[in-house]
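Each remark here refers to the structure printed beneath this line.
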Amino acid sequence: MSIMGGKLVYTKNAKNISLSFTESVETNDLSITVTQEPYGGGTRFTAVLTPKTELIINACAAFTDESLSKESRLFLNGYQTWTDSKEVTLEYSIPKLNLLAKPLIGMYGDYGFFRHSRSRLHSYTYTYIKNDSSAITLYGSLSEKSGYTVFEYDKTKSSLSVLKDCNGLCPKPGEPYVLFDLYIIKAEESAAFDLYFEAQSIKKPRVKPCTGWTSWYNYYTKVTQGDVLENLEAFSSRKLPIDYFQIDDGFQQAVGDWLKINSKFPRGMGFLADEIHSAGYKAGLWLAPLICEKTSQI
């Protein structure tokens with residue numbers, strides 16, 4: 001339940017260099033400051049790189065002392081909402097993306113930049129290991145500001161490593177770069193997550209859960225103005241007590257052009273928002289502000 005050491009691979013003057021470390025280390029090229037100490041009921045491990053010269057990071061990993069068995073339950077946190085997040089065993093294999101689905105969602109997952117292997121499992125930002133029913137061992141990143149933290153299980157070696165998504169990064173000489181900032185805790189599941197959130201200064205939610213209808217899972221991008229009005233009438237006539245009525249992907253002319261409404265919605269979003277409000281619901285609209293299509297005006 002601790003980090004045993006790490007490995008940094010970098011390029012300097014077109015030469016690849018590999019540096020292993022178990023504690024703080026300093027060379028002519030860089031320094032790595034390592035700490036591992038009690039924190040928030042668990043353990044905090046940090047590794048901070050400070051380059052002395054120009055270099056390019058190729059890979060960085062930290063190695064745990066975890067020994068896994070076939071009975072171990074492992075939680076894998078997916079890259080985003082369309083990738084798996086669930087508890088598995090070492091016998092599980094992360095499914096490949098169906099070729100038919102690749103044109104639609106291939107660019108939204110991690111399929112294009114993270115190596116998927118039948119002999120490995122991976123989890124983003126946090127993971128946990130459950131060897132009995134009473135407690136879990138949770139490994140979690142305390143900050144993703146310097147790049148994704150990926151927890152990788154080697155099914156052949158029954159081991160757990162921690163990877164940093166920093167391939168190709170050129171940190172500025174003299175400026176510290178956080179390779180890892182990890183929190184490790186063994187406790188009952190809900191207690192472990194409470195302590196993990198506390199270690200990040202994340203307060204428990206105080207808002208009530210909301211309910212609602214969304215067009216996505218019935219209509220996907222084929223949704224029309226008529227579909228929305230038909231469902232709105234079905235809900236309002238039955239006085240179903242939901243909070244939000246949301247129009248999902250399919251109203252815009254192209255992904256990226258959120259103010260350009262397509263011909264399936266001839267009266268526009270303002271009209272539908274008014275209709276939703278008149279029915280007693282809050283109007284919701286799906287947006288993805290950080291992506292756009294090649295054919296979009298933007």
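Chain lettering (A, B, ...) mirrors the order of the structure tokens, residue numbering begins at 1 for each chain separately, and ligand numbering begins at 1 in order of display.
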All helix (DSSP H, G or I) residues (DSSP, backbone) inside region 62-295 of chain A, as JSON, numbers by chain: {"A": [102, 103, 104, 105, 189, 190, 191, 192, 193, 194, 195, 196, 197, 198, 199, 216, 217, 218, 219, 220, 221, 222, 225, 226, 227, 228, 229, 230, 231, 232, 233, 234, 235, 236, 237, 268, 269, 270, 271, 272, 273, 274, 275, 276, 277, 278]}
Which of region 26-83 of chain A fall in strand (DSSP E or B), as JSON, numbers by chain: {"A": [26, 30, 31, 32, 33, 34, 35, 36, 37, 38, 39, 42, 43, 44, 45, 46, 47, 48, 49, 50, 51, 56, 57, 58, 59, 60, 61, 62, 63, 64, 73, 74, 75, 76]}
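If only C-alpha atoms are the atoms counted, then among A:Ala101, A:Val34, A:Leu160, A:Val9 the closest residue to Ser67 (chain A) is A:Leu160.
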Find the residues of region 200-222 of chain A that sit at most 7 Å from region 249-270 of chain A; for each, write down the nearest two atoms and how far apart they are in Å, to one decimal. Count only C-alpha atoms. Sort by chain, then by number going up, and give it as a Markdown table.
| residue | atom | partner | partner_atom | distance |
| --- | --- | --- | --- | --- |
| A:Trp216 | CA | A:Asp249 | CA | 6.8 |
| A:Tyr220 | CA | A:Asp249 | CA | 6.7 |
| A:Thr221 | CA | A:Gly250 | CA | 4.0 |
| A:Lys222 | CA | A:Gly250 | CA | 6.1 |
Interatomic distance (Å, one decimal) between CA of Ser117 (chain A) and CA of Thr64 (chain A):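 Going from CA of Ser117 (chain A) over to CA of Thr64 (chain A), I get 20.1 Å.
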Residue nearest Leu272 (chain A) - candidates A:Gln225, A:Thr127, A:Thr35, A:Ser119, atoms counted: only C-alpha atoms: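 Looking only at the distances to Leu272 (chain A), the closest residue turns out to be A:Gln225.
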Shortest interatomic distance to Thr33 (chain A) - which of A:Val48, A:Glu152, A:Asp243, A:Glu293, counting only C-alpha atoms: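 Checking each candidate against Thr33 (chain A), we get A:Val48 as the closest.
Take the candidates A:Thr50, A:Ala273, A:Tyr39, A:Cys292 and check each one against Tyr108 (chain A) using only C-alpha atoms; the shortest distance goes to A:Cys292.
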Atom-to-atom span, CA of Ile32 (chain A) and CA of Leu55 (chain A), Å: 14.0 Å
Distance query Lys145 (chain A) at most 12 Å, only C-alpha atoms, self and fewer than 2 positions along chain excluded, as an NGL selection string: :A and (125 or 141-143 or 147-149 or 164-166 or 177-181)
Surrounding residues of region 231-241 of chain A excluding itself and chain neighbours under 5 positions, 12 Å, only C-alpha atoms, as number ranges by chain: A: 210-215, 218-219, 223-226, 246-247, 272-283
Residue contacts of Ala62 (chain A) (12 Å, only C-alpha atoms) excluding same-chain residues fewer than 5 positions away, as a ChimeraX atom specification: /A:2-9,19-23,34,45-47,149-152,159-164,179-182
Shortest interatomic distance to Ser18 (chain A) - which of A:Thr53, A:Gln80, A:Asn58, A:Asn131, counting only C-alpha atoms: A:Asn58
CA of Gly106 (chain A) to CA of Gly168 (chain A), distance in Å rounded to a single decimal: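 A separation of 22.5 Å between them.
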Nearest candidate to Ser72 (chain A) (options A:Leu121, A:Leu99, A:Ile94, A:Ile136; using only C-alpha atoms):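 So, comparing all the options, the nearest one is A:Ile136.
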